[in-house]
>>> print(open('my_file33.pdb').read())   # PDB, C-alpha atoms and all ligand atoms
ATOM      1  CA  MET Q   1     -24.306  77.532 -78.608
ATOM      2  CA  THR Q   2     -24.204  74.000 -80.008
ATOM      3  CA  ARG Q   3     -27.632  72.366 -79.837
ATOM      4  CA  PHE Q   4     -28.153  68.634 -79.540
ATOM      5  CA  ASP Q   5     -31.418  67.383 -80.897
ATOM      6  CA  ALA Q   6     -33.112  64.441 -79.270
ATOM      7  CA  SER Q   7     -33.072  62.388 -82.488
ATOM      8  CA  TRP Q   8     -29.233  62.487 -82.643
ATOM      9  CA  LEU Q   9     -29.002  61.496 -78.972
ATOM     10  CA  GLU Q  10     -31.463  58.641 -79.574
ATOM     11  CA  LEU Q  11     -29.482  57.450 -82.599
ATOM     12  CA  ARG Q  12     -26.186  57.313 -80.714
ATOM     13  CA  GLU Q  13     -27.496  55.922 -77.407
ATOM     14  CA  PRO Q  14     -27.289  52.181 -78.314
ATOM     15  CA  ALA Q  15     -23.660  52.607 -79.462
ATOM     16  CA  ASP Q  16     -22.895  54.607 -76.319
ATOM     17  CA  LEU Q  17     -24.508  51.955 -74.143
ATOM     18  CA  GLN Q  18     -22.495  49.190 -75.759
ATOM     19  CA  ALA Q  19     -19.311  51.245 -75.468
ATOM     20  CA  ARG Q  20     -19.553  52.319 -71.821
ATOM     21  CA  ASN Q  21     -17.053  50.430 -69.724
ATOM     22  CA  PRO Q  22     -18.949  47.867 -67.598
ATOM     23  CA  ASP Q  23     -16.322  47.798 -64.826
ATOM     24  CA  LEU Q  24     -16.809  51.501 -64.251
ATOM     25  CA  LEU Q  25     -20.613  51.171 -64.275
ATOM     26  CA  ARG Q  26     -20.319  48.373 -61.705
ATOM     27  CA  THR Q  27     -17.969  50.459 -59.550
ATOM     28  CA  VAL Q  28     -20.278  53.480 -59.655
ATOM     29  CA  ALA Q  29     -23.243  51.323 -58.654
ATOM     30  CA  ALA Q  30     -21.267  49.740 -55.809
ATOM     31  CA  ALA Q  31     -20.163  53.167 -54.590
ATOM     32  CA  LEU Q  32     -23.770  54.354 -54.527
ATOM     33  CA  GLY Q  33     -24.526  51.254 -52.486
ATOM     34  CA  ALA Q  34     -27.769  49.928 -51.130
ATOM     35  CA  SER Q  35     -28.980  53.177 -49.628
ATOM     36  CA  GLY Q  36     -29.235  55.137 -52.861
ATOM     37  CA  GLY Q  37     -28.558  58.848 -52.874
ATOM     38  CA  VAL Q  38     -28.749  61.853 -55.151
ATOM     39  CA  VAL Q  39     -26.940  61.688 -58.491
ATOM     40  CA  VAL Q  40     -26.354  65.006 -60.228
ATOM     41  CA  ASP Q  41     -26.140  64.390 -63.985
ATOM     42  CA  LEU Q  42     -24.453  67.226 -65.888
ATOM     43  CA  GLY Q  43     -25.564  67.811 -69.489
ATOM     44  CA  CYS Q  44     -28.120  65.048 -69.027
ATOM     45  CA  GLY Q  45     -29.699  65.248 -72.484
ATOM     46  CA  THR Q  46     -32.670  62.870 -72.506
ATOM     47  CA  GLY Q  47     -31.326  60.809 -69.565
ATOM     48  CA  ALA Q  48     -28.877  58.363 -71.168
ATOM     49  CA  THR Q  49     -26.762  58.002 -68.028
ATOM     50  CA  PHE Q  50     -29.852  57.154 -65.971
ATOM     51  CA  ARG Q  51     -30.724  54.411 -68.474
ATOM     52  CA  ALA Q  52     -27.149  53.098 -68.603
ATOM     53  CA  LEU Q  53     -26.628  53.013 -64.849
ATOM     54  CA  SER Q  54     -30.067  51.812 -63.715
ATOM     55  CA  PRO Q  55     -29.591  48.071 -64.433
ATOM     56  CA  TRP Q  56     -26.449  48.099 -62.252
ATOM     57  CA  LEU Q  57     -27.868  49.930 -59.242
ATOM     58  CA  LEU Q  58     -28.364  48.114 -55.960
ATOM     59  CA  ALA Q  59     -31.079  50.548 -54.878
ATOM     60  CA  PRO Q  60     -33.011  53.354 -56.586
ATOM     61  CA  VAL Q  61     -31.329  56.750 -56.576
ATOM     62  CA  ARG Q  62     -32.774  60.201 -57.087
ATOM     63  CA  TRP Q  63     -31.609  62.097 -60.157
ATOM     64  CA  ARG Q  64     -30.937  65.816 -60.338
ATOM     65  CA  LEU Q  65     -30.805  66.520 -64.047
ATOM     66  CA  ILE Q  66     -28.844  69.512 -65.291
ATOM     67  CA  ASP Q  67     -29.038  70.828 -68.852
ATOM     68  CA  ASN Q  68     -29.470  74.192 -70.545
ATOM     69  CA  ASP Q  69     -31.922  72.747 -73.090
ATOM     70  CA  ARG Q  70     -35.504  72.718 -71.785
ATOM     71  CA  SER Q  71     -36.812  70.229 -74.367
ATOM     72  CA  LEU Q  72     -34.089  67.671 -73.547
ATOM     73  CA  LEU Q  73     -34.751  68.103 -69.831
ATOM     74  CA  ASP Q  74     -38.467  67.509 -70.428
ATOM     75  CA  ALA Q  75     -37.698  64.308 -72.349
ATOM     76  CA  ALA Q  76     -35.399  63.138 -69.531
ATOM     77  CA  MET Q  77     -38.105  63.822 -66.944
ATOM     78  CA  VAL Q  78     -40.572  61.698 -68.925
ATOM     79  CA  SER Q  79     -38.012  58.870 -69.092
ATOM     80  CA  ILE Q  80     -37.079  58.939 -65.397
ATOM     81  CA  GLY Q  81     -40.345  60.007 -63.787
ATOM     82  CA  ALA Q  82     -40.833  60.621 -60.089
ATOM     83  CA  LEU Q  83     -37.209  59.915 -59.148
ATOM     84  CA  ALA Q  84     -35.999  62.985 -61.036
ATOM     85  CA  GLU Q  85     -35.885  66.749 -60.688
ATOM     86  CA  ALA Q  86     -34.866  69.015 -63.563
ATOM     87  CA  VAL Q  87     -32.676  72.092 -63.286
ATOM     88  CA  GLN Q  88     -32.294  74.208 -66.403
ATOM     89  CA  LEU Q  89     -28.859  75.752 -66.050
ATOM     90  CA  ASP Q  90     -26.024  76.893 -68.264
ATOM     91  CA  LEU Q  91     -23.071  74.975 -66.826
ATOM     92  CA  ALA Q  92     -20.935  78.053 -67.404
ATOM     93  CA  GLN Q  93     -22.760  79.340 -64.279
ATOM     94  CA  LEU Q  94     -20.915  76.753 -62.215
ATOM     95  CA  ASP Q  95     -21.483  78.600 -58.941
ATOM     96  CA  GLU Q  96     -25.186  77.888 -59.337
ATOM     97  CA  LEU Q  97     -24.748  74.141 -59.744
ATOM     98  CA  PRO Q  98     -26.994  72.639 -57.033
ATOM     99  CA  LEU Q  99     -24.838  70.116 -55.177
ATOM    100  CA  ARG Q 100     -26.735  70.124 -51.859
ATOM    101  CA  ASP Q 101     -27.174  66.532 -50.568
ATOM    102  CA  ALA Q 102     -25.516  65.180 -53.744
ATOM    103  CA  THR Q 103     -23.777  61.812 -53.398
ATOM    104  CA  PHE Q 104     -22.360  61.392 -56.908
ATOM    105  CA  VAL Q 105     -21.858  63.453 -60.071
ATOM    106  CA  THR Q 106     -22.154  61.977 -63.546
ATOM    107  CA  ALA Q 107     -21.906  63.141 -67.151
ATOM    108  CA  SER Q 108     -21.625  61.541 -70.562
ATOM    109  CA  ALA Q 109     -20.433  62.910 -73.883
ATOM    110  CA  LEU Q 110     -20.036  66.299 -72.232
ATOM    111  CA  PHE Q 111     -16.482  67.187 -71.311
ATOM    112  CA  ASP Q 112     -15.074  67.248 -74.844
ATOM    113  CA  LEU Q 113     -17.360  70.287 -75.323
ATOM    114  CA  CYS Q 114     -15.901  72.061 -72.294
ATOM    115  CA  ALA Q 115     -12.858  74.233 -71.672
ATOM    116  CA  ALA Q 116      -9.985  73.235 -69.387
ATOM    117  CA  SER Q 117     -10.941  76.085 -67.037
ATOM    118  CA  PHE Q 118     -14.417  74.582 -66.627
ATOM    119  CA  ILE Q 119     -13.010  71.193 -65.646
ATOM    120  CA  GLU Q 120     -10.642  72.851 -63.175
ATOM    121  CA  ALA Q 121     -13.455  74.863 -61.575
ATOM    122  CA  LEU Q 122     -15.753  71.836 -61.462
ATOM    123  CA  ALA Q 123     -13.024  69.710 -59.892
ATOM    124  CA  ASP Q 124     -12.526  72.339 -57.172
ATOM    125  CA  ARG Q 125     -16.256  72.361 -56.419
ATOM    126  CA  LEU Q 126     -16.471  68.565 -56.276
ATOM    127  CA  ALA Q 127     -13.315  68.285 -54.176
ATOM    128  CA  GLU Q 128     -14.769  70.725 -51.606
ATOM    129  CA  ARG Q 129     -17.544  68.192 -51.041
ATOM    130  CA  ARG Q 130     -15.451  65.087 -51.703
ATOM    131  CA  LEU Q 131     -17.819  64.085 -54.495
ATOM    132  CA  ASP Q 132     -17.089  61.383 -57.044
ATOM    133  CA  LEU Q 133     -17.306  61.987 -60.777
ATOM    134  CA  TYR Q 134     -18.248  59.413 -63.409
ATOM    135  CA  ALA Q 135     -17.565  60.994 -66.811
ATOM    136  CA  ALA Q 136     -18.362  58.607 -69.656
ATOM    137  CA  LEU Q 137     -17.720  58.750 -73.371
ATOM    138  CA  ASN Q 138     -15.122  61.458 -73.833
ATOM    139  CA  TYR Q 139     -14.027  61.453 -77.492
ATOM    140  CA  ASP Q 140     -10.276  60.688 -77.638
ATOM    141  CA  GLY Q 141      -9.363  61.927 -81.124
ATOM    142  CA  THR Q 142      -9.036  58.565 -82.860
ATOM    143  CA  ILE Q 143     -11.236  57.379 -85.715
ATOM    144  CA  ILE Q 144     -10.353  54.302 -87.747
ATOM    145  CA  TRP Q 145     -12.470  53.447 -90.752
ATOM    146  CA  SER Q 146     -12.392  50.272 -92.779
ATOM    147  CA  PRO Q 147     -11.843  50.199 -95.688
ATOM    148  CA  LEU Q 148      -9.234  52.948 -95.574
ATOM    149  CA  HIS Q 149      -9.333  56.078 -97.727
ATOM    150  CA  GLU Q 150      -6.273  58.182 -98.492
ATOM    151  CA  SER Q 151      -7.903  61.284 -96.977
ATOM    152  CA  ASP Q 152      -8.810  59.662 -93.642
ATOM    153  CA  GLY Q 153      -5.768  61.077 -91.814
ATOM    154  CA  ALA Q 154      -6.398  64.631 -92.984
ATOM    155  CA  ILE Q 155     -10.114  64.301 -92.258
ATOM    156  CA  VAL Q 156      -9.526  63.184 -88.664
ATOM    157  CA  ALA Q 157      -6.958  65.935 -88.078
ATOM    158  CA  LEU Q 158      -9.393  68.595 -89.301
ATOM    159  CA  PHE Q 159     -12.306  67.058 -87.406
ATOM    160  CA  ASN Q 160     -10.212  67.176 -84.243
ATOM    161  CA  ARG Q 161      -9.358  70.806 -84.945
ATOM    162  CA  HIS Q 162     -13.091  71.501 -85.178
ATOM    163  CA  GLN Q 163     -13.669  69.577 -81.945
ATOM    164  CA  ARG Q 164     -11.425  72.088 -80.207
ATOM    165  CA  SER Q 165     -13.504  75.080 -81.286
ATOM    166  CA  ASP Q 166     -15.807  76.903 -78.873
ATOM    167  CA  LYS Q 167     -19.055  74.990 -78.337
ATOM    168  CA  GLY Q 168     -20.463  77.615 -75.995
ATOM    169  CA  MET Q 169     -18.198  77.023 -72.993
ATOM    170  CA  GLY Q 170     -14.897  78.499 -74.116
ATOM    171  CA  GLN Q 171     -12.279  76.740 -76.205
ATOM    172  CA  ALA Q 172     -13.351  73.095 -76.119
ATOM    173  CA  LEU Q 173     -10.917  70.409 -75.004
ATOM    174  CA  GLY Q 174     -12.139  68.015 -77.696
ATOM    175  CA  PRO Q 175      -9.841  64.976 -77.753
ATOM    176  CA  GLU Q 176      -7.898  66.263 -74.715
ATOM    177  CA  ALA Q 177     -10.906  66.018 -72.379
ATOM    178  CA  GLY Q 178     -10.175  62.556 -70.959
ATOM    179  CA  ARG Q 179      -6.577  63.458 -70.151
ATOM    180  CA  ALA Q 180      -7.585  66.836 -68.701
ATOM    181  CA  LEU Q 181     -10.148  65.179 -66.427
ATOM    182  CA  ALA Q 182      -7.645  62.580 -65.254
ATOM    183  CA  ASP Q 183      -4.834  65.102 -64.630
ATOM    184  CA  THR Q 184      -7.038  67.688 -62.953
ATOM    185  CA  PHE Q 185      -8.684  65.296 -60.511
ATOM    186  CA  ALA Q 186      -5.433  63.421 -59.827
ATOM    187  CA  ALA Q 187      -3.789  66.741 -58.906
ATOM    188  CA  LEU Q 188      -6.481  67.150 -56.234
ATOM    189  CA  GLY Q 189      -5.652  63.755 -54.775
ATOM    190  CA  TYR Q 190      -8.440  61.816 -56.445
ATOM    191  CA  ASP Q 191      -8.012  58.201 -57.520
ATOM    192  CA  VAL Q 192      -8.643  58.224 -61.238
ATOM    193  CA  ILE Q 193      -9.520  55.257 -63.422
ATOM    194  CA  ARG Q 194      -9.599  55.614 -67.204
ATOM    195  CA  ALA Q 195     -11.193  52.938 -69.336
ATOM    196  CA  ASP Q 196     -11.688  52.454 -73.030
ATOM    197  CA  SER Q 197     -15.218  53.034 -74.318
ATOM    198  CA  ALA Q 198     -14.807  53.152 -78.080
ATOM    199  CA  TRP Q 199     -17.735  52.990 -80.473
ATOM    200  CA  GLN Q 200     -17.466  49.943 -82.733
ATOM    201  CA  LEU Q 201     -19.751  50.714 -85.643
ATOM    202  CA  SER Q 202     -20.386  48.073 -88.267
ATOM    203  CA  GLN Q 203     -23.290  46.525 -90.123
ATOM    204  CA  GLY Q 204     -26.641  47.059 -88.458
ATOM    205  CA  VAL Q 205     -25.976  50.666 -87.419
ATOM    206  CA  GLU Q 206     -25.875  52.266 -90.865
ATOM    207  CA  ALA Q 207     -28.131  55.141 -89.781
ATOM    208  CA  LEU Q 208     -25.638  56.129 -87.077
ATOM    209  CA  GLN Q 209     -22.709  55.641 -89.448
ATOM    210  CA  ILE Q 210     -24.376  57.895 -92.049
ATOM    211  CA  ALA Q 211     -25.138  60.579 -89.456
ATOM    212  CA  PHE Q 212     -21.571  60.376 -88.159
ATOM    213  CA  ILE Q 213     -20.009  60.612 -91.634
ATOM    214  CA  GLU Q 214     -22.257  63.578 -92.483
ATOM    215  CA  GLY Q 215     -21.363  65.244 -89.170
ATOM    216  CA  VAL Q 216     -17.641  64.748 -89.737
ATOM    217  CA  ALA Q 217     -17.909  66.088 -93.314
ATOM    218  CA  ARG Q 218     -19.841  69.142 -92.096
ATOM    219  CA  ALA Q 219     -17.295  69.868 -89.369
ATOM    220  CA  VAL Q 220     -14.367  69.480 -91.785
ATOM    221  CA  ALA Q 221     -16.069  71.801 -94.282
ATOM    222  CA  GLU Q 222     -16.485  74.409 -91.521
ATOM    223  CA  THR Q 223     -12.752  74.390 -90.843
ATOM    224  CA  GLY Q 224     -12.086  75.345 -94.473
ATOM    225  CA  GLY Q 225      -8.990  73.128 -94.305
ATOM    226  CA  MET Q 226      -9.749  70.771 -97.200
ATOM    227  CA  ALA Q 227     -10.544  71.382-100.832
ATOM    228  CA  ALA Q 228     -14.252  70.861-101.520
ATOM    229  CA  ALA Q 229     -13.555  68.232-104.228
ATOM    230  CA  GLU Q 230     -11.382  66.122-101.907
ATOM    231  CA  LEU Q 231     -13.955  66.292 -99.133
ATOM    232  CA  ARG Q 232     -16.731  65.369-101.593
ATOM    233  CA  ASP Q 233     -14.729  62.331-102.801
ATOM    234  CA  TRP Q 234     -14.141  61.181 -99.247
ATOM    235  CA  ARG Q 235     -17.814  61.551 -98.289
ATOM    236  CA  THR Q 236     -18.995  59.753-101.428
ATOM    237  CA  PHE Q 237     -16.554  56.882-100.791
ATOM    238  CA  ARG Q 238     -17.537  56.586 -97.127
ATOM    239  CA  LEU Q 239     -21.271  56.482 -97.853
ATOM    240  CA  ALA Q 240     -20.809  54.028-100.740
ATOM    241  CA  THR Q 241     -18.733  51.574 -98.712
ATOM    242  CA  LEU Q 242     -21.498  51.309 -96.095
ATOM    243  CA  LYS Q 243     -23.316  49.128 -98.639
ATOM    244  CA  THR Q 244     -20.456  46.624 -98.548
ATOM    245  CA  GLY Q 245     -19.996  46.318 -94.777
ATOM    246  CA  ALA Q 246     -17.743  49.252 -93.881
ATOM    247  CA  SER Q 247     -16.919  49.701 -90.208
ATOM    248  CA  CYS Q 248     -15.628  52.442 -87.984
ATOM    249  CA  ARG Q 249     -14.011  52.663 -84.552
ATOM    250  CA  VAL Q 250     -14.427  55.976 -82.744
ATOM    251  CA  GLY Q 251     -12.248  56.214 -79.658
ATOM    252  CA  HIS Q 252     -13.723  57.326 -76.347
ATOM    253  CA  VAL Q 253     -12.545  57.116 -72.772
ATOM    254  CA  ASP Q 254     -14.606  56.776 -69.591
ATOM    255  CA  VAL Q 255     -13.189  58.404 -66.479
ATOM    256  CA  LEU Q 256     -14.042  57.689 -62.861
ATOM    257  CA  ALA Q 257     -12.555  60.047 -60.296
ATOM    258  CA  ARG Q 258     -12.962  59.137 -56.615
ATOM    259  CA  PRO Q 259     -11.867  61.117 -53.574
ATOM    260  CA  PRO Q 260      -9.171  59.084 -51.827
ATOM    261  CA  ASP Q 261     -10.538  59.482 -48.340
ATOM    262  CA  ALA Q 262     -14.045  58.328 -49.122
ATOM    263  CA  ARG Q 263     -14.667  55.674 -46.507
ATOM    264  CA  ARG Q 264     -17.425  53.725 -48.074
ATOM    265  CA  HIS Q 265     -19.045  50.412 -47.509
ATOM    266  CA  GLU Q 266     -19.520  49.091 -50.964
ATOM    267  CA  PRO Q 267     -21.623  45.954 -51.077
ATOM    268  CA  GLN Q 268     -20.686  43.369 -53.653
ATOM    269  CA  ARG Q 269     -23.171  42.605 -56.391
ATOM    270  CA  HIS Q 270     -24.278  38.944 -56.208
TER     271      HIS Q 270
HETATM  272  C1  LIG P   1     -23.582  65.242 -76.502
HETATM  273  S1  LIG P   1     -24.921  65.671 -75.515
HETATM  274  C2  LIG P   1     -24.906  64.351 -74.314
HETATM  275  C3  LIG P   1     -26.239  64.173 -73.643
HETATM  276  C4  LIG P   1     -26.318  62.969 -72.687
HETATM  277  N1  LIG P   1     -25.430  63.122 -71.557
HETATM  278  C5  LIG P   1     -26.036  61.702 -73.435
HETATM  279  O1  LIG P   1     -25.012  61.057 -73.175
HETATM  280  O2  LIG P   1     -26.850  61.352 -74.306
HETATM  281  C6  LIG P   1     -24.324  67.057 -74.559
HETATM  282  C7  LIG P   1     -25.377  67.594 -73.595
HETATM  283  O3  LIG P   1     -24.816  68.692 -72.857
HETATM  284  C8  LIG P   1     -25.746  69.758 -72.847
HETATM  285  N2  LIG P   1     -24.980  71.004 -72.759
HETATM  286  C9  LIG P   1     -24.083  71.475 -73.643
HETATM  287  N3  LIG P   1     -23.590  72.664 -73.246
HETATM  288  C10 LIG P   1     -24.211  72.930 -72.060
HETATM  289  C11 LIG P   1     -24.148  74.024 -71.148
HETATM  290  N4  LIG P   1     -23.341  75.073 -71.374
HETATM  291  N5  LIG P   1     -24.906  73.986 -70.041
HETATM  292  C12 LIG P   1     -25.720  72.932 -69.792
HETATM  293  N6  LIG P   1     -25.842  71.878 -70.627
HETATM  294  C13 LIG P   1     -25.085  71.877 -71.756
HETATM  295  C14 LIG P   1     -26.504  69.620 -74.169
HETATM  296  O4  LIG P   1     -27.757  70.288 -74.162
HETATM  297  C15 LIG P   1     -26.641  68.122 -74.281
HETATM  298  O5  LIG P   1     -27.763  67.632 -73.621
END
>>> encode(input="my_file33.pdb", output="structure tokens", more="lines below")
Ligand SMILES: C[S@@+](CC[C@H](N)C(=O)[O-])C[C@H]1O[C@@H](n2cnc3c(N)ncnc32)[C@H](O)[C@@H]1O
Amino acid sequence: MTRFDASWLELREPADLQARNPDLLRTVAAALGASGGVVVDLGCGTGATFRALSPWLLAPVRWRLIDNDRSLLDAAMVSIGALAEAVQLDLAQLDELPLRDATFVTASALFDLCAASFIEALADRLAERRLDLYAALNYDGTIIWSPLHESDGAIVALFNRHQRSDKGMGQALGPEAGRALADTFAALGYDVIRADSAWQLSQGVEALQIAFIEGVARAVAETGGMAAAELRDWRTFRLATLKTGASCRVGHVDVLARPPDARRHEPQRH
């Protein structure tokens, strides 16, 4: 099982927050409306989706937080407080996902870890109840660094290969997650909106850039697809160029899937 420590989630949260598509956040908030409801957040981590969505909400909502990591759930409960309930659950046990009285389902940085079969089964469950899904920050397979390095292309290809390895829920979709979400929900008649939510990392977020470069190098090493000397050169170059203002764009896509027959009264935000 891949574990996500709270310090990594904390480091990436500002970049995630800046990257999330505001039109989708606004649409989710409008769909939840003035009467609130129960949002089920899958793979909640420490509660990033609660923090991202809260400023847009027209009324408080209750949060049902789902994660298999007790310590992350505890941190999320501290962040959200009385409006939240925590459910420790391995999402592979999809039949046990508590959707009673749910009005919306959310997730962020989750579906690239999941298998296609999981998305298909989840979509069936949500469609049964005509539930919406807001799935933010699905990695899309593109990374563009500046300045360029001759190994960047091979690095990204190997990183993407690693992204497709099993992260505890079957063969992960990795960069295919956004497309799989869109296709699967569209096939069930949902209206699907996809929106760009790329990280734009430049000066001021060196700590995140370092952690990302180290994570990419580790993943590439695990694939065994690149000679150690070439990988070392690439890593050394990437870390050195941070001192002279290097930047990096990491592609993500946000997906909003809405049942077509949802007759909602969605108040406008004034
Ligand atoms: C990349 S983190 C994203 C966390 C949070 N949504 C955010 O955006 O900061 C992925 C989250 O999914 C959870 N997760 C991964 N596999 C899971 C599984 N099989 N069942 C339940 N939660 C899982 C992890 O514990 C982690 O909190």
>>> closest_residue(input="my_file33.pdb", among="Q:Phe159, Q:Gly245, Q:Asp183, Q:Gly170", to="Glu222 of chain Q", atoms="all atoms listed in the file")
Q:Phe159
>>> residues_near_point(input="my_file33.pdb", point="(-10.2, 58.5, -84.9)", cutoff="10 Å", atoms="only C-alpha atoms", output="mmCIF file with C-alpha atoms, keeping the file's coordinate frame")
data_model
loop_
_atom_site.group_PDB
_atom_site.id
_atom_site.type_symbol
_atom_site.label_atom_id
_atom_site.label_comp_id
_atom_site.auth_asym_id
_atom_site.auth_seq_id
_atom_site.Cartn_x
_atom_site.Cartn_y
_atom_site.Cartn_z
ATOM 1 C CA TYR Q 139 -14.027 61.453 -77.492
ATOM 2 C CA ASP Q 140 -10.276 60.688 -77.638
ATOM 3 C CA GLY Q 141 -9.363 61.927 -81.124
ATOM 4 C CA THR Q 142 -9.036 58.565 -82.860
ATOM 5 C CA ILE Q 143 -11.236 57.379 -85.715
ATOM 6 C CA ILE Q 144 -10.353 54.302 -87.747
ATOM 7 C CA TRP Q 145 -12.470 53.447 -90.752
ATOM 8 C CA ASP Q 152 -8.810 59.662 -93.642
ATOM 9 C CA GLY Q 153 -5.768 61.077 -91.814
ATOM 10 C CA ILE Q 155 -10.114 64.301 -92.258
ATOM 11 C CA VAL Q 156 -9.526 63.184 -88.664
ATOM 12 C CA ALA Q 157 -6.958 65.935 -88.078
ATOM 13 C CA PHE Q 159 -12.306 67.058 -87.406
ATOM 14 C CA ASN Q 160 -10.212 67.176 -84.243
ATOM 15 C CA PRO Q 175 -9.841 64.976 -77.753
ATOM 16 C CA ALA Q 198 -14.807 53.152 -78.080
ATOM 17 C CA CYS Q 248 -15.628 52.442 -87.984
ATOM 18 C CA ARG Q 249 -14.011 52.663 -84.552
ATOM 19 C CA VAL Q 250 -14.427 55.976 -82.744
ATOM 20 C CA GLY Q 251 -12.248 56.214 -79.658
ATOM 21 C CA HIS Q 252 -13.723 57.326 -76.347
#
>>> resolve_selection(input="my_file33.pdb", expression="the PyMOL selection byres (((chain Q and resi 24) around 10) and not hetatm)", output="PyMOL selection string")
chain Q and resi 20-23+25-30+53+134-136+193-195+254-256
>>> residues_near_ligand(input="my_file33.pdb", ligand="ligand LIG 1 (chain P)", cutoff="9 Å", atoms="only C-alpha atoms and all ligand atoms", output="PyMOL selection string")
chain Q and resi 1-6+8-10+12-13+16+41-49+66-70+72-73+88-93+106-114+136-137+167-169
>>> write_last_selection(input="my_file33.pdb", atoms="C-alpha atoms", output="compact mmCIF listing (two decimals), in the frame of the given file")
# COMPACT_ATOMS: atom_id res chain seq x y z
CA MET Q 1 -24.31 77.53 -78.61
CA THR Q 2 -24.20 74.00 -80.01
CA ARG Q 3 -27.63 72.37 -79.84
CA PHE Q 4 -28.15 68.63 -79.54
CA ASP Q 5 -31.42 67.38 -80.90
CA ALA Q 6 -33.11 64.44 -79.27
CA TRP Q 8 -29.23 62.49 -82.64
CA LEU Q 9 -29.00 61.50 -78.97
CA GLU Q 10 -31.46 58.64 -79.57
CA ARG Q 12 -26.19 57.31 -80.71
CA GLU Q 13 -27.50 55.92 -77.41
CA ASP Q 16 -22.90 54.61 -76.32
CA ASP Q 41 -26.14 64.39 -63.98
CA LEU Q 42 -24.45 67.23 -65.89
CA GLY Q 43 -25.56 67.81 -69.49
CA CYS Q 44 -28.12 65.05 -69.03
CA GLY Q 45 -29.70 65.25 -72.48
CA THR Q 46 -32.67 62.87 -72.51
CA GLY Q 47 -31.33 60.81 -69.56
CA ALA Q 48 -28.88 58.36 -71.17
CA THR Q 49 -26.76 58.00 -68.03
CA ILE Q 66 -28.84 69.51 -65.29
CA ASP Q 67 -29.04 70.83 -68.85
CA ASN Q 68 -29.47 74.19 -70.54
CA ASP Q 69 -31.92 72.75 -73.09
CA ARG Q 70 -35.50 72.72 -71.78
CA LEU Q 72 -34.09 67.67 -73.55
CA LEU Q 73 -34.75 68.10 -69.83
CA GLN Q 88 -32.29 74.21 -66.40
CA LEU Q 89 -28.86 75.75 -66.05
CA ASP Q 90 -26.02 76.89 -68.26
CA LEU Q 91 -23.07 74.97 -66.83
CA ALA Q 92 -20.94 78.05 -67.40
CA GLN Q 93 -22.76 79.34 -64.28
CA THR Q 106 -22.15 61.98 -63.55
CA ALA Q 107 -21.91 63.14 -67.15
CA SER Q 108 -21.62 61.54 -70.56
CA ALA Q 109 -20.43 62.91 -73.88
CA LEU Q 110 -20.04 66.30 -72.23
CA PHE Q 111 -16.48 67.19 -71.31
CA ASP Q 112 -15.07 67.25 -74.84
CA LEU Q 113 -17.36 70.29 -75.32
CA CYS Q 114 -15.90 72.06 -72.29
CA ALA Q 136 -18.36 58.61 -69.66
CA LEU Q 137 -17.72 58.75 -73.37
CA LYS Q 167 -19.06 74.99 -78.34
CA GLY Q 168 -20.46 77.61 -76.00
CA MET Q 169 -18.20 77.02 -72.99
>>> residues_around(input="my_file33.pdb", residues="Ala217 of chain Q", least_positions_apart="2", cutoff="12 Å", atoms="all atoms listed in the file", output="PDB file with C-alpha atoms, in the coordinates of the input")
ATOM      1  CA  SER Q 151      -7.903  61.284 -96.977  1.00  0.00           C
ATOM      2  CA  ASP Q 152      -8.810  59.662 -93.642  1.00  0.00           C
ATOM      3  CA  ALA Q 154      -6.398  64.631 -92.984  1.00  0.00           C
ATOM      4  CA  ILE Q 155     -10.114  64.301 -92.258  1.00  0.00           C
ATOM      5  CA  VAL Q 156      -9.526  63.184 -88.664  1.00  0.00           C
ATOM      6  CA  LEU Q 158      -9.393  68.595 -89.301  1.00  0.00           C
ATOM      7  CA  PHE Q 159     -12.306  67.058 -87.406  1.00  0.00           C
ATOM      8  CA  ASN Q 160     -10.212  67.176 -84.243  1.00  0.00           C
ATOM      9  CA  HIS Q 162     -13.091  71.501 -85.178  1.00  0.00           C
ATOM     10  CA  ILE Q 210     -24.376  57.895 -92.049  1.00  0.00           C
ATOM     11  CA  ALA Q 211     -25.138  60.579 -89.456  1.00  0.00           C
ATOM     12  CA  PHE Q 212     -21.571  60.376 -88.159  1.00  0.00           C
ATOM     13  CA  ILE Q 213     -20.009  60.612 -91.634  1.00  0.00           C
ATOM     14  CA  GLU Q 214     -22.257  63.578 -92.483  1.00  0.00           C
ATOM     15  CA  GLY Q 215     -21.363  65.244 -89.170  1.00  0.00           C
ATOM     16  CA  ALA Q 219     -17.295  69.868 -89.369  1.00  0.00           C
ATOM     17  CA  VAL Q 220     -14.367  69.480 -91.785  1.00  0.00           C
ATOM     18  CA  ALA Q 221     -16.069  71.801 -94.282  1.00  0.00           C
ATOM     19  CA  GLU Q 222     -16.485  74.409 -91.521  1.00  0.00           C
ATOM     20  CA  THR Q 223     -12.752  74.390 -90.843  1.00  0.00           C
ATOM     21  CA  GLY Q 224     -12.086  75.345 -94.473  1.00  0.00           C
ATOM     22  CA  GLY Q 225      -8.990  73.128 -94.305  1.00  0.00           C
ATOM     23  CA  MET Q 226      -9.749  70.771 -97.200  1.00  0.00           C
ATOM     24  CA  ALA Q 227     -10.544  71.382-100.832  1.00  0.00           C
ATOM     25  CA  ALA Q 228     -14.252  70.861-101.520  1.00  0.00           C
ATOM     26  CA  ALA Q 229     -13.555  68.232-104.228  1.00  0.00           C
ATOM     27  CA  GLU Q 230     -11.382  66.122-101.907  1.00  0.00           C
ATOM     28  CA  LEU Q 231     -13.955  66.292 -99.133  1.00  0.00           C
ATOM     29  CA  ARG Q 232     -16.731  65.369-101.593  1.00  0.00           C
ATOM     30  CA  ASP Q 233     -14.729  62.331-102.801  1.00  0.00           C
ATOM     31  CA  TRP Q 234     -14.141  61.181 -99.247  1.00  0.00           C
ATOM     32  CA  ARG Q 235     -17.814  61.551 -98.289  1.00  0.00           C
ATOM     33  CA  THR Q 236     -18.995  59.753-101.428  1.00  0.00           C
ATOM     34  CA  PHE Q 237     -16.554  56.882-100.791  1.00  0.00           C
ATOM     35  CA  ARG Q 238     -17.537  56.586 -97.127  1.00  0.00           C
ATOM     36  CA  LEU Q 239     -21.271  56.482 -97.853  1.00  0.00           C
TER      37      LEU Q 239
END
